[in-house]
>>> print(open('upload_0.pdb').read())   # PDB, C-alpha atoms
ATOM      1  CA  MET A  22     -11.721 -21.509 -32.013
ATOM      2  CA  LYS A  23     -13.071 -18.355 -33.643
ATOM      3  CA  LYS A  24     -16.646 -17.217 -33.243
ATOM      4  CA  THR A  25     -18.789 -14.601 -34.931
ATOM      5  CA  ASP A  26     -18.885 -11.101 -33.416
ATOM      6  CA  GLU A  27     -22.591 -11.486 -32.722
ATOM      7  CA  MET A  28     -22.003 -14.580 -30.604
ATOM      8  CA  LYS A  29     -19.072 -12.978 -28.853
ATOM      9  CA  THR A  30     -21.039  -9.974 -27.693
ATOM     10  CA  THR A  31     -24.382 -11.521 -26.850
ATOM     11  CA  MET A  32     -23.624 -15.034 -25.642
ATOM     12  CA  PRO A  33     -24.147 -16.711 -23.248
ATOM     13  CA  PHE A  34     -26.801 -14.335 -21.913
ATOM     14  CA  ASN A  35     -29.621 -12.406 -23.463
ATOM     15  CA  GLU A  36     -29.237  -8.870 -22.128
ATOM     16  CA  ASN A  37     -29.828  -6.396 -24.917
ATOM     17  CA  ASN A  38     -27.852  -3.257 -25.645
ATOM     18  CA  ASP A  39     -30.547  -0.878 -24.367
ATOM     19  CA  TYR A  40     -30.518  -2.604 -20.997
ATOM     20  CA  ILE A  41     -26.713  -2.355 -20.834
ATOM     21  CA  ASP A  42     -26.649   1.314 -21.935
ATOM     22  CA  ASN A  43     -29.291   2.216 -19.326
ATOM     23  CA  LEU A  44     -27.469   0.260 -16.639
ATOM     24  CA  TRP A  45     -24.286   2.264 -17.216
ATOM     25  CA  MET A  46     -26.156   5.564 -17.320
ATOM     26  CA  ARG A  47     -27.875   4.795 -14.009
ATOM     27  CA  ALA A  48     -24.525   3.716 -12.562
ATOM     28  CA  ALA A  49     -22.915   6.950 -13.799
ATOM     29  CA  GLU A  50     -25.645   9.116 -12.224
ATOM     30  CA  LYS A  51     -25.311   7.221  -8.943
ATOM     31  CA  ALA A  52     -21.521   7.549  -8.960
ATOM     32  CA  ILE A  53     -21.716  11.314  -9.487
ATOM     33  CA  ALA A  54     -24.427  11.727  -6.834
ATOM     34  CA  GLN A  55     -22.518   9.571  -4.358
ATOM     35  CA  ALA A  56     -19.316  11.557  -4.880
ATOM     36  CA  GLU A  57     -21.139  14.815  -4.101
ATOM     37  CA  LYS A  58     -23.120  13.461  -1.131
ATOM     38  CA  PRO A  59     -20.445  12.618   1.446
ATOM     39  CA  SER A  60     -18.700  15.996   1.036
ATOM     40  CA  ALA A  61     -20.592  17.449   4.057
ATOM     41  CA  LYS A  62     -19.696  14.487   6.227
ATOM     42  CA  THR A  63     -16.060  14.318   5.225
ATOM     43  CA  PRO A  64     -14.719  17.113   7.530
ATOM     44  CA  ILE A  65     -16.385  15.518  10.593
ATOM     45  CA  LEU A  66     -15.061  12.098   9.727
ATOM     46  CA  THR A  67     -11.641  13.562   9.044
ATOM     47  CA  LEU A  68     -11.738  15.470  12.337
ATOM     48  CA  HIS A  69     -12.685  12.316  14.239
ATOM     49  CA  ARG A  70      -9.882  10.455  12.552
ATOM     50  CA  HIS A  71      -7.369  13.194  13.406
ATOM     51  CA  VAL A  72      -8.469  13.336  17.057
ATOM     52  CA  LEU A  73      -8.280   9.567  17.402
ATOM     53  CA  THR A  74      -4.835   9.496  15.817
ATOM     54  CA  ALA A  75      -3.588  12.261  18.126
ATOM     55  CA  VAL A  76      -4.954  10.527  21.244
ATOM     56  CA  ALA A  77      -3.507   7.181  20.220
ATOM     57  CA  THR A  78      -0.115   8.767  19.496
ATOM     58  CA  ALA A  79      -0.095  10.583  22.854
ATOM     59  CA  ALA A  80      -1.016   7.377  24.709
ATOM     60  CA  LEU A  81       1.739   5.526  22.915
ATOM     61  CA  VAL A  82       4.316   8.208  23.757
ATOM     62  CA  VAL A  83       3.283   8.144  27.450
ATOM     63  CA  LEU A  84       3.466   4.353  27.534
ATOM     64  CA  VAL A  85       6.883   4.214  25.878
ATOM     65  CA  THR A  86       8.240   7.009  28.130
ATOM     66  CA  THR A  87       6.961   5.290  31.293
ATOM     67  CA  ILE A  88       8.413   1.935  30.323
ATOM     68  CA  SER A  89      11.740   3.508  29.307
ATOM     69  CA  TRP A  90      11.902   5.563  32.534
ATOM     70  CA  LYS A  91      11.201   2.543  34.708
ATOM     71  CA  PHE A  92      13.788   0.547  32.842
ATOM     72  CA  ILE A  93      16.416   3.283  33.178
ATOM     73  CA  CYS A  94      15.647   3.722  36.909
ATOM     74  CA  LYS A  95      15.965  -0.001  37.466
ATOM     75  CA  GLN A  96      19.303  -0.045  35.678
ATOM     76  CA  LEU A  97      20.709   2.932  37.619
ATOM     77  CA  SER A  98      19.498   2.119  41.156
ATOM     78  CA  PRO A  99      21.251  -0.720  43.081
ATOM     79  CA  ASP A 100      18.990  -3.560  44.117
ATOM     80  CA  SER A 101      17.976  -4.251  47.752
ATOM     81  CA  SER A 102      20.796  -6.743  48.524
ATOM     82  CA  GLN A 103      23.357  -4.174  47.397
ATOM     83  CA  GLN A 104      21.697  -1.566  49.636
ATOM     84  CA  VAL A 105      22.075  -3.866  52.706
ATOM     85  CA  ALA A 106      25.703  -4.448  51.859
ATOM     86  CA  VAL A 107      26.341  -0.725  51.575
ATOM     87  CA  ALA A 108      24.533  -0.086  54.874
ATOM     88  CA  SER A 109      26.553  -2.688  56.725
ATOM     89  CA  GLU A 110      29.751  -1.182  55.409
ATOM     90  CA  ASN A 111      28.889   2.260  56.833
ATOM     91  CA  PRO A 112      31.495   3.116  59.523
ATOM     92  CA  LEU A 113      28.946   5.123  61.535
ATOM     93  CA  ASP A 114      26.720   2.040  61.850
ATOM     94  CA  GLU A 115      29.633   0.112  63.191
ATOM     95  CA  PHE A 116      30.342   2.801  65.758
ATOM     96  CA  LEU A 117      26.715   3.030  66.881
ATOM     97  CA  GLY A 118      26.462  -0.751  67.079
ATOM     98  CA  SER A 119      29.477  -0.957  69.386
ATOM     99  CA  ILE A 120      28.252   1.402  72.135
ATOM    100  CA  SER A 121      25.998   0.274  74.963
ATOM    101  CA  ASP A 122      22.681   1.884  75.875
ATOM    102  CA  GLU A 123      24.341   3.393  78.945
ATOM    103  CA  GLU A 124      27.009   5.057  76.844
ATOM    104  CA  ALA A 125      24.346   6.303  74.450
ATOM    105  CA  LYS A 126      22.478   7.973  77.362
ATOM    106  CA  GLN A 127      25.663   9.687  78.499
ATOM    107  CA  ILE A 128      26.292  11.002  75.024
ATOM    108  CA  ASP A 129      22.727  12.248  74.950
ATOM    109  CA  CYS A 130      23.140  14.050  78.300
ATOM    110  CA  TYR A 131      26.452  15.481  77.285
ATOM    111  CA  GLN A 132      24.935  16.851  74.106
ATOM    112  CA  ILE A 133      22.029  18.466  75.979
ATOM    113  CA  THR A 134      24.225  20.079  78.635
ATOM    114  CA  THR A 135      26.661  21.217  75.984
ATOM    115  CA  ILE A 136      23.918  22.843  73.991
ATOM    116  CA  SER A 137      22.485  24.565  77.104
ATOM    117  CA  ASP A 138      25.857  26.186  77.808
ATOM    118  CA  TYR A 139      25.392  28.269  74.729
ATOM    119  CA  ASN A 140      21.905  29.514  75.659
TER     120      ASN A 140
ATOM    121  CA  MET B  17     -26.929   5.821 -28.007
ATOM    122  CA  ALA B  18     -24.167   6.209 -30.564
ATOM    123  CA  VAL B  19     -21.097   4.047 -30.227
ATOM    124  CA  ASN B  20     -17.614   5.424 -31.045
ATOM    125  CA  LYS B  21     -18.977   8.939 -31.191
ATOM    126  CA  TYR B  22     -15.769  10.329 -29.718
ATOM    127  CA  SER B  23     -12.127   9.473 -30.213
ATOM    128  CA  ASP B  24     -10.043   8.531 -27.167
ATOM    129  CA  ASP B  25      -8.269  11.890 -27.447
ATOM    130  CA  GLU B  26     -11.589  13.729 -27.296
ATOM    131  CA  LEU B  27     -12.771  11.664 -24.349
ATOM    132  CA  TYR B  28      -9.498  12.274 -22.556
ATOM    133  CA  SER B  29      -9.707  16.040 -23.099
ATOM    134  CA  MET B  30     -13.293  16.130 -21.851
ATOM    135  CA  LEU B  31     -12.405  14.128 -18.745
ATOM    136  CA  LYS B  32      -9.477  16.382 -17.888
ATOM    137  CA  ASP B  33     -11.484  19.583 -18.177
ATOM    138  CA  PRO B  34     -13.623  20.187 -15.044
ATOM    139  CA  LYS B  35     -16.302  21.845 -17.195
ATOM    140  CA  THR B  36     -16.755  18.807 -19.443
ATOM    141  CA  LYS B  37     -15.701  16.077 -16.990
ATOM    142  CA  GLU B  38     -19.225  14.813 -16.343
ATOM    143  CA  LYS B  39     -20.105  14.775 -20.022
ATOM    144  CA  GLY B  40     -16.844  12.985 -20.790
ATOM    145  CA  PHE B  41     -17.515  10.404 -18.076
ATOM    146  CA  LYS B  42     -20.936   9.563 -19.472
ATOM    147  CA  ALA B  43     -19.573   9.497 -23.017
ATOM    148  CA  LEU B  44     -16.798   7.145 -21.917
ATOM    149  CA  LEU B  45     -19.291   4.717 -20.391
ATOM    150  CA  ALA B  46     -21.580   4.996 -23.395
ATOM    151  CA  GLN B  47     -18.699   4.218 -25.711
ATOM    152  CA  TYR B  48     -17.097   1.331 -23.821
ATOM    153  CA  GLY B  49     -20.002   0.278 -21.591
ATOM    154  CA  ARG B  50     -21.225  -2.649 -23.663
ATOM    155  CA  GLY B  51     -17.841  -4.301 -24.013
ATOM    156  CA  LEU B  52     -17.111  -3.560 -20.378
ATOM    157  CA  TYR B  53     -20.433  -5.080 -19.308
ATOM    158  CA  TRP B  54     -19.671  -8.373 -21.066
ATOM    159  CA  HIS B  55     -16.165  -8.394 -19.694
ATOM    160  CA  ILE B  56     -17.583  -8.133 -16.172
ATOM    161  CA  ARG B  57     -20.352 -10.618 -16.890
ATOM    162  CA  ARG B  58     -17.914 -13.241 -18.129
ATOM    163  CA  ILE B  59     -15.958 -12.966 -14.889
ATOM    164  CA  VAL B  60     -18.750 -12.864 -12.306
ATOM    165  CA  ILE B  61     -21.399 -14.751 -14.381
ATOM    166  CA  GLY B  62     -24.377 -13.830 -12.145
ATOM    167  CA  HIS B  63     -26.792 -11.088 -13.247
ATOM    168  CA  ASP B  64     -26.994  -9.356  -9.854
ATOM    169  CA  ASP B  65     -23.260  -9.626  -9.268
ATOM    170  CA  THR B  66     -22.677  -8.024 -12.655
ATOM    171  CA  GLU B  67     -24.904  -5.089 -11.720
ATOM    172  CA  ASP B  68     -22.960  -4.653  -8.466
ATOM    173  CA  ALA B  69     -19.633  -4.741 -10.292
ATOM    174  CA  VAL B  70     -20.928  -2.261 -12.909
ATOM    175  CA  GLN B  71     -21.928   0.147 -10.146
ATOM    176  CA  GLU B  72     -18.613  -0.161  -8.320
ATOM    177  CA  THR B  73     -16.678   0.210 -11.576
ATOM    178  CA  SER B  74     -18.587   3.361 -12.383
ATOM    179  CA  ILE B  75     -17.964   4.818  -8.915
ATOM    180  CA  ASN B  76     -14.251   4.076  -9.096
ATOM    181  CA  ILE B  77     -13.815   5.507 -12.582
ATOM    182  CA  TRP B  78     -15.545   8.740 -11.531
ATOM    183  CA  LYS B  79     -13.650   8.944  -8.259
ATOM    184  CA  ASN B  80     -10.231   8.388  -9.843
ATOM    185  CA  ILE B  81     -10.443  10.321 -13.102
ATOM    186  CA  ASP B  82      -8.373  13.181 -11.700
ATOM    187  CA  ALA B  83      -5.718  10.761 -10.468
ATOM    188  CA  PHE B  84      -5.428   9.020 -13.860
ATOM    189  CA  ARG B  85      -1.907   9.762 -15.120
ATOM    190  CA  GLY B  86      -2.000   7.771 -18.339
ATOM    191  CA  ASN B  87      -2.539   9.105 -21.843
ATOM    192  CA  ALA B  88      -5.617   8.919 -24.076
ATOM    193  CA  GLU B  89      -4.529   5.588 -25.546
ATOM    194  CA  GLN B  90      -4.435   4.005 -22.089
ATOM    195  CA  LEU B  91      -7.944   5.128 -21.173
ATOM    196  CA  LYS B  92      -9.606   1.901 -22.314
ATOM    197  CA  SER B  93      -7.067  -0.299 -20.521
ATOM    198  CA  TRP B  94      -7.536   1.788 -17.383
ATOM    199  CA  ILE B  95     -11.317   1.331 -17.239
ATOM    200  CA  TYR B  96     -10.974  -2.368 -18.057
ATOM    201  CA  ARG B  97      -8.480  -2.676 -15.226
ATOM    202  CA  ILE B  98     -10.924  -1.084 -12.793
ATOM    203  CA  ALA B  99     -13.718  -3.336 -14.056
ATOM    204  CA  THR B 100     -11.515  -6.426 -13.680
ATOM    205  CA  ASN B 101     -10.579  -5.489 -10.115
ATOM    206  CA  GLU B 102     -14.182  -4.779  -9.162
ATOM    207  CA  SER B 103     -15.333  -8.064 -10.691
ATOM    208  CA  LEU B 104     -12.708  -9.975  -8.714
ATOM    209  CA  GLN B 105     -13.792  -8.060  -5.620
ATOM    210  CA  VAL B 106     -17.381  -9.206  -6.162
ATOM    211  CA  LEU B 107     -16.173 -12.798  -6.536
ATOM    212  CA  ARG B 108     -14.031 -12.513  -3.381
ATOM    213  CA  LYS B 109     -17.131 -11.546  -1.406
ATOM    214  CA  ARG B 110     -18.640 -14.895  -2.377
ATOM    215  CA  THR B 111     -15.731 -16.915  -1.090
ATOM    216  CA  THR B 112     -15.646 -18.344   2.387
ATOM    217  CA  PHE B 113     -12.685 -18.431   4.782
ATOM    218  CA  LEU B 114      -9.648 -20.177   3.234
ATOM    219  CA  GLN B 115     -11.338 -20.244  -0.174
ATOM    220  CA  SER B 116      -9.967 -18.432  -3.222
ATOM    221  CA  VAL B 117     -11.872 -17.149  -6.246
ATOM    222  CA  ASP B 118     -10.488 -20.114  -8.182
ATOM    223  CA  ASP B 119     -12.559 -22.372  -5.952
ATOM    224  CA  LEU B 120     -15.782 -20.792  -7.219
ATOM    225  CA  GLY B 121     -15.752 -22.708 -10.532
ATOM    226  CA  GLU B 122     -18.500 -25.122  -9.521
ATOM    227  CA  VAL B 123     -20.715 -22.392  -8.053
ATOM    228  CA  LEU B 124     -20.332 -20.252 -11.171
ATOM    229  CA  THR B 125     -21.059 -23.211 -13.441
ATOM    230  CA  GLU B 126     -24.264 -23.817 -11.509
ATOM    231  CA  GLU B 127     -25.162 -20.168 -11.858
ATOM    232  CA  LEU B 128     -24.405 -20.309 -15.553
ATOM    233  CA  THR B 129     -26.823 -23.212 -15.946
ATOM    234  CA  THR B 130     -29.520 -21.382 -13.974
ATOM    235  CA  GLU B 131     -29.190 -18.082 -15.785
ATOM    236  CA  ASN B 132     -28.410 -19.400 -19.241
ATOM    237  CA  PRO B 133     -31.450 -19.231 -21.521
ATOM    238  CA  LEU B 134     -32.905 -22.616 -22.334
ATOM    239  CA  ASP B 135     -32.641 -22.037 -26.069
ATOM    240  CA  SER B 136     -28.914 -21.386 -25.975
ATOM    241  CA  GLU B 137     -26.770 -23.794 -27.911
ATOM    242  CA  ALA B 138     -25.473 -26.824 -26.043
ATOM    243  CA  THR B 139     -21.977 -26.322 -27.420
ATOM    244  CA  GLU B 140     -21.968 -22.704 -26.300
ATOM    245  CA  ARG B 141     -22.982 -23.767 -22.790
ATOM    246  CA  LEU B 142     -20.312 -26.430 -22.794
ATOM    247  CA  PHE B 143     -17.789 -23.879 -23.937
ATOM    248  CA  GLN B 144     -18.710 -21.590 -21.036
ATOM    249  CA  GLU B 145     -18.479 -24.506 -18.607
ATOM    250  CA  ALA B 146     -14.990 -25.264 -19.916
ATOM    251  CA  LEU B 147     -14.033 -21.621 -19.349
ATOM    252  CA  LEU B 148     -15.179 -21.824 -15.743
ATOM    253  CA  LYS B 149     -12.836 -24.734 -15.152
ATOM    254  CA  LEU B 150      -9.877 -22.402 -15.761
ATOM    255  CA  PRO B 151      -8.102 -20.540 -12.955
ATOM    256  CA  THR B 152      -9.546 -17.003 -12.737
ATOM    257  CA  GLN B 153      -6.456 -15.156 -14.000
ATOM    258  CA  GLN B 154      -6.192 -17.529 -16.955
ATOM    259  CA  ARG B 155      -9.890 -17.107 -17.684
ATOM    260  CA  ILE B 156      -9.617 -13.308 -17.659
ATOM    261  CA  ALA B 157      -6.626 -13.388 -20.008
ATOM    262  CA  PHE B 158      -8.465 -15.785 -22.305
ATOM    263  CA  ASN B 159     -11.653 -13.670 -22.340
ATOM    264  CA  LEU B 160      -9.806 -10.465 -23.167
ATOM    265  CA  ARG B 161      -7.897 -12.133 -25.978
ATOM    266  CA  TYR B 162     -10.670 -14.269 -27.387
ATOM    267  CA  TYR B 163     -13.816 -12.174 -26.925
ATOM    268  CA  ASP B 164     -12.423  -8.643 -26.865
ATOM    269  CA  GLU B 165      -9.631  -9.487 -29.316
ATOM    270  CA  MET B 166      -7.194  -7.293 -27.438
ATOM    271  CA  PRO B 167      -3.471  -7.340 -28.193
ATOM    272  CA  TYR B 168      -1.369  -8.978 -25.477
ATOM    273  CA  GLU B 169       0.244  -5.615 -24.676
ATOM    274  CA  GLN B 170      -3.145  -4.159 -23.769
ATOM    275  CA  ILE B 171      -4.101  -7.240 -21.728
ATOM    276  CA  ALA B 172      -0.791  -6.780 -19.904
ATOM    277  CA  GLU B 173      -1.787  -3.187 -19.045
ATOM    278  CA  ILE B 174      -5.124  -4.382 -17.697
ATOM    279  CA  THR B 175      -3.972  -7.391 -15.734
ATOM    280  CA  GLY B 176      -0.509  -6.225 -14.708
ATOM    281  CA  LYS B 177       0.998  -9.470 -16.048
ATOM    282  CA  LYS B 178       3.875  -9.834 -18.496
ATOM    283  CA  VAL B 179       3.137 -10.483 -22.159
ATOM    284  CA  GLY B 180       5.003 -13.811 -22.086
ATOM    285  CA  VAL B 181       2.973 -15.007 -19.112
ATOM    286  CA  LEU B 182      -0.260 -14.005 -20.835
ATOM    287  CA  LYS B 183       0.650 -15.849 -24.026
ATOM    288  CA  THR B 184       1.368 -18.970 -22.002
ATOM    289  CA  ASN B 185      -1.894 -18.492 -20.082
ATOM    290  CA  TYR B 186      -3.841 -18.200 -23.307
ATOM    291  CA  HIS B 187      -2.349 -21.301 -24.878
ATOM    292  CA  TYR B 188      -2.846 -23.360 -21.725
ATOM    293  CA  ALA B 189      -6.441 -22.146 -21.618
ATOM    294  CA  VAL B 190      -7.051 -23.133 -25.255
ATOM    295  CA  ASP B 191      -5.616 -26.602 -24.651
ATOM    296  CA  LYS B 192      -7.749 -27.119 -21.542
ATOM    297  CA  ILE B 193     -10.908 -25.937 -23.293
ATOM    298  CA  LYS B 194     -10.259 -28.226 -26.268
ATOM    299  CA  SER B 195      -9.756 -31.245 -24.028
ATOM    300  CA  TYR B 196     -12.896 -30.411 -22.030
ATOM    301  CA  LEU B 197     -14.997 -30.088 -25.175
ATOM    302  CA  LYS B 198     -13.589 -33.332 -26.576
ATOM    303  CA  GLU B 199     -14.313 -35.112 -23.316
ATOM    304  CA  HIS B 200     -17.870 -33.833 -22.896
ATOM    305  CA  ALA B 201     -19.121 -33.470 -26.459
TER     306      ALA B 201
END
>>> encode(input="upload_0.pdb", output="structure tokens")
Amino acid sequence: MKKTDEMKTTMPFNENNDYIDNLWMRAAEKAIAQAEKPSAKTPILTLHRHVLTAVATAALVVLVTTISWKFICKQLSPDSSQQVAVASENPLDEFLGSISDEEAKQIDCYQITTISDYN
Amino acid sequence: MAVNKYSDDELYSMLKDPKTKEKGFKALLAQYGRGLYWHIRRIVIGHDDTEDAVQETSINIWKNIDAFRGNAEQLKSWIYRIATNESLQVLRKRTTFLQSVDDLGEVLTEELTTENPLDSEATERLFQEALLKLPTQQRIAFNLRYYDEMPYEQIAEITGKKVGVLKTNYHYAVDKIKSYLKEHA
């Protein structure tokens, strides 16, 4: 399946060597010009990219911290049913629940008169 | 424009010296441009697509010269590798969702028929059609071996495939082309 060099380089299309040489030279000029052109824009683009990255990182840190904090708080604090149980076990509550309103008034009066003795 | 005016060592030295980099770049394209153009053209087939791939290849060579860590002997493989990647990139742009470049065979064959000069030989056209029936990687390996007559080691540098795989690819490609020609002649 060997072919002549002429057929290998020119087939199946008819572009001639001058066209190809000029195409590459134009492409080379464009490549060089394009590489020089964006140099002025690069710092701004880079700056924008840096700012965006910093903001995104900060937002992520805040989000993670908030979620972690809430999770830790939830783990450490007893839930509402536990709080009721603790409250009902308080001996002071039991004492206050056992006295009548009349007794409470007497205590109140006693406290006032006692305090006034010191004035 | 003289061809093979500079040796690869001379080109390499020019490219690595900031003072002669631009001259070296243009000399490199002048020296290998024709072969590189046909390599691209055989992959993308279309005239306009070839021009796009040529432009992108040129941009990427210029942009990456400083990052090139190979030696002078690898310069040709390096630019062919860039050209191959850019050609595949151009083909990828033509694919639709869930389509691979291998699915473009029919489209490229149609394009070949449209752009092929009317006075071209029927067998040559048939041969090109047979090539377009091959999977893209196989076609590239075949083109580099058959048209550019590159050693398998160099094709391996360009395509990133192992020599054994390339040899198998080439022989499969030859068998498929032969059967296609026999069937359609």
>>> interface_residues(input="upload_0.pdb", of="chain B", to="chain A", cutoff="6 Å", atoms="only C-alpha atoms", output="PyMOL selection string")
chain B and resi 71+74-75+132+163
>>> resolve_selection(input="upload_0.pdb", expression="the PyMOL selection byres ((chain B and resi 168-174) around 8)", output="PyMOL selection string")
chain B and resi 93-94+96-97+100+157+160-161+166-167+175-179+182-183
>>> write_last_selection(input="upload_0.pdb", atoms="C-alpha atoms", output="PDB file, keeping the file's coordinate frame")
ATOM      1  CA  SER B  93      -7.067  -0.299 -20.521  1.00  0.00           C
ATOM      2  CA  TRP B  94      -7.536   1.788 -17.383  1.00  0.00           C
ATOM      3  CA  TYR B  96     -10.974  -2.368 -18.057  1.00  0.00           C
ATOM      4  CA  ARG B  97      -8.480  -2.676 -15.226  1.00  0.00           C
ATOM      5  CA  THR B 100     -11.515  -6.426 -13.680  1.00  0.00           C
ATOM      6  CA  ALA B 157      -6.626 -13.388 -20.008  1.00  0.00           C
ATOM      7  CA  LEU B 160      -9.806 -10.465 -23.167  1.00  0.00           C
ATOM      8  CA  ARG B 161      -7.897 -12.133 -25.978  1.00  0.00           C
ATOM      9  CA  MET B 166      -7.194  -7.293 -27.438  1.00  0.00           C
ATOM     10  CA  PRO B 167      -3.471  -7.340 -28.193  1.00  0.00           C
ATOM     11  CA  THR B 175      -3.972  -7.391 -15.734  1.00  0.00           C
ATOM     12  CA  GLY B 176      -0.509  -6.225 -14.708  1.00  0.00           C
ATOM     13  CA  LYS B 177       0.998  -9.470 -16.048  1.00  0.00           C
ATOM     14  CA  LYS B 178       3.875  -9.834 -18.496  1.00  0.00           C
ATOM     15  CA  VAL B 179       3.137 -10.483 -22.159  1.00  0.00           C
ATOM     16  CA  LEU B 182      -0.260 -14.005 -20.835  1.00  0.00           C
ATOM     17  CA  LYS B 183       0.650 -15.849 -24.026  1.00  0.00           C
TER      18      LYS B 183
END
>>> axis_aligned_box(input="upload_0.pdb", around="range 172-187 of chain B", padding_each_side="3 Å", output="lines of an AutoDock Vina configuration file")
center_x = -0.1
center_y = -12.2
center_z = -19.8
size_x = 16.1
size_y = 24.1
size_z = 16.2
>>> resolve_selection(input="upload_0.pdb", expression="the PyMOL selection byres ((chain B and resi 77) around 9)", output="list in words")
Ala52 of chain A; Phe41, Glu72, Thr73, Ser74, Ile75, Asn76, Trp78, Lys79, Asn80, Ile81, Trp94, Ile95, Ile98 and Ala99 of chain B
>>> atom_distance(input="upload_0.pdb", atom1="CA of Glu131 in chain B", atom2="CA of Ser103 in chain B")
17.8 Å
>>> resolve_selection(input="upload_0.pdb", expression="the PyMOL selection byres ((chain B and resi 155) around 12)", output="MDAnalysis selection string")
chainID B and resid 55:56 58:60 100 104 117:118 121 144:154 156:163 175 182 185:190 192:193
>>> residues_near_point(input="upload_0.pdb", point="(-21.2, -18.6, -10.4)", cutoff="9 Å", atoms="only C-alpha atoms", output="PyMOL selection string")
chain B and resi 59-62+107+120-128+148
>>> atom_distance(input="upload_0.pdb", atom1="CA of Gly49 in chain B", atom2="CA of Gly86 in chain B")
19.8 Å
>>> closest_residue(input="upload_0.pdb", among="B:Gln90, B:Thr112, B:Gln105, B:Thr36", to="Asp65 in chain B", atoms="only C-alpha atoms")
B:Gln105
>>> closest_residue(input="upload_0.pdb", among="B:Glu89, B:Asp82, B:Glu102, B:Asp191", to="Thr66 in chain B", atoms="only C-alpha atoms")
B:Glu102
>>> build_atoms(input="upload_0.pdb", residues="range 170-182 of chain B", atoms="N, CA, C and O atoms", output="PDB file, in the coordinates of the input")
ATOM      1  N   GLN B 170      -2.036  -4.829 -24.467  1.00  0.00           N
ATOM      2  CA  GLN B 170      -3.145  -4.159 -23.769  1.00  0.00           C
ATOM      3  C   GLN B 170      -3.646  -5.021 -22.597  1.00  0.00           C
ATOM      4  O   GLN B 170      -3.967  -4.499 -21.527  1.00  0.00           O
ATOM      5  N   ILE B 171      -3.686  -6.332 -22.815  1.00  0.00           N
ATOM      6  CA  ILE B 171      -4.101  -7.240 -21.728  1.00  0.00           C
ATOM      7  C   ILE B 171      -3.101  -7.124 -20.568  1.00  0.00           C
ATOM      8  O   ILE B 171      -3.479  -7.162 -19.398  1.00  0.00           O
ATOM      9  N   ALA B 172      -1.827  -6.942 -20.934  1.00  0.00           N
ATOM     10  CA  ALA B 172      -0.791  -6.780 -19.904  1.00  0.00           C
ATOM     11  C   ALA B 172      -1.044  -5.519 -19.077  1.00  0.00           C
ATOM     12  O   ALA B 172      -0.872  -5.514 -17.859  1.00  0.00           O
ATOM     13  N   GLU B 173      -1.468  -4.450 -19.753  1.00  0.00           N
ATOM     14  CA  GLU B 173      -1.787  -3.187 -19.045  1.00  0.00           C
ATOM     15  C   GLU B 173      -2.958  -3.378 -18.085  1.00  0.00           C
ATOM     16  O   GLU B 173      -2.983  -2.823 -16.992  1.00  0.00           O
ATOM     17  N   ILE B 174      -3.919  -4.171 -18.510  1.00  0.00           N
ATOM     18  CA  ILE B 174      -5.124  -4.382 -17.697  1.00  0.00           C
ATOM     19  C   ILE B 174      -4.841  -5.296 -16.502  1.00  0.00           C
ATOM     20  O   ILE B 174      -5.241  -5.017 -15.382  1.00  0.00           O
ATOM     21  N   THR B 175      -4.148  -6.389 -16.783  1.00  0.00           N
ATOM     22  CA  THR B 175      -3.972  -7.391 -15.734  1.00  0.00           C
ATOM     23  C   THR B 175      -2.701  -7.205 -14.903  1.00  0.00           C
ATOM     24  O   THR B 175      -2.566  -7.798 -13.840  1.00  0.00           O
ATOM     25  N   GLY B 176      -1.772  -6.417 -15.421  1.00  0.00           N
ATOM     26  CA  GLY B 176      -0.509  -6.225 -14.708  1.00  0.00           C
ATOM     27  C   GLY B 176       0.423  -7.422 -14.839  1.00  0.00           C
ATOM     28  O   GLY B 176       1.374  -7.559 -14.077  1.00  0.00           O
ATOM     29  N   LYS B 177       0.136  -8.291 -15.813  1.00  0.00           N
ATOM     30  CA  LYS B 177       0.998  -9.470 -16.048  1.00  0.00           C
ATOM     31  C   LYS B 177       1.896  -9.211 -17.259  1.00  0.00           C
ATOM     32  O   LYS B 177       1.592  -8.361 -18.097  1.00  0.00           O
ATOM     33  N   LYS B 178       2.972  -9.995 -17.357  1.00  0.00           N
ATOM     34  CA  LYS B 178       3.875  -9.834 -18.496  1.00  0.00           C
ATOM     35  C   LYS B 178       3.294 -10.514 -19.736  1.00  0.00           C
ATOM     36  O   LYS B 178       2.562 -11.509 -19.610  1.00  0.00           O
ATOM     37  N   VAL B 179       3.666  -9.969 -20.894  1.00  0.00           N
ATOM     38  CA  VAL B 179       3.137 -10.483 -22.159  1.00  0.00           C
ATOM     39  C   VAL B 179       3.420 -11.984 -22.315  1.00  0.00           C
ATOM     40  O   VAL B 179       2.539 -12.755 -22.699  1.00  0.00           O
ATOM     41  N   GLY B 180       4.631 -12.400 -21.967  1.00  0.00           N
ATOM     42  CA  GLY B 180       5.003 -13.811 -22.086  1.00  0.00           C
ATOM     43  C   GLY B 180       4.106 -14.709 -21.241  1.00  0.00           C
ATOM     44  O   GLY B 180       3.660 -15.767 -21.697  1.00  0.00           O
ATOM     45  N   VAL B 181       3.837 -14.247 -20.035  1.00  0.00           N
ATOM     46  CA  VAL B 181       2.973 -15.007 -19.112  1.00  0.00           C
ATOM     47  C   VAL B 181       1.562 -15.109 -19.696  1.00  0.00           C
ATOM     48  O   VAL B 181       0.928 -16.173 -19.658  1.00  0.00           O
ATOM     49  N   LEU B 182       1.092 -14.020 -20.267  1.00  0.00           N
ATOM     50  CA  LEU B 182      -0.260 -14.005 -20.835  1.00  0.00           C
ATOM     51  C   LEU B 182      -0.380 -14.940 -22.040  1.00  0.00           C
ATOM     52  O   LEU B 182      -1.378 -15.645 -22.191  1.00  0.00           O
TER      53      LEU B 182
END
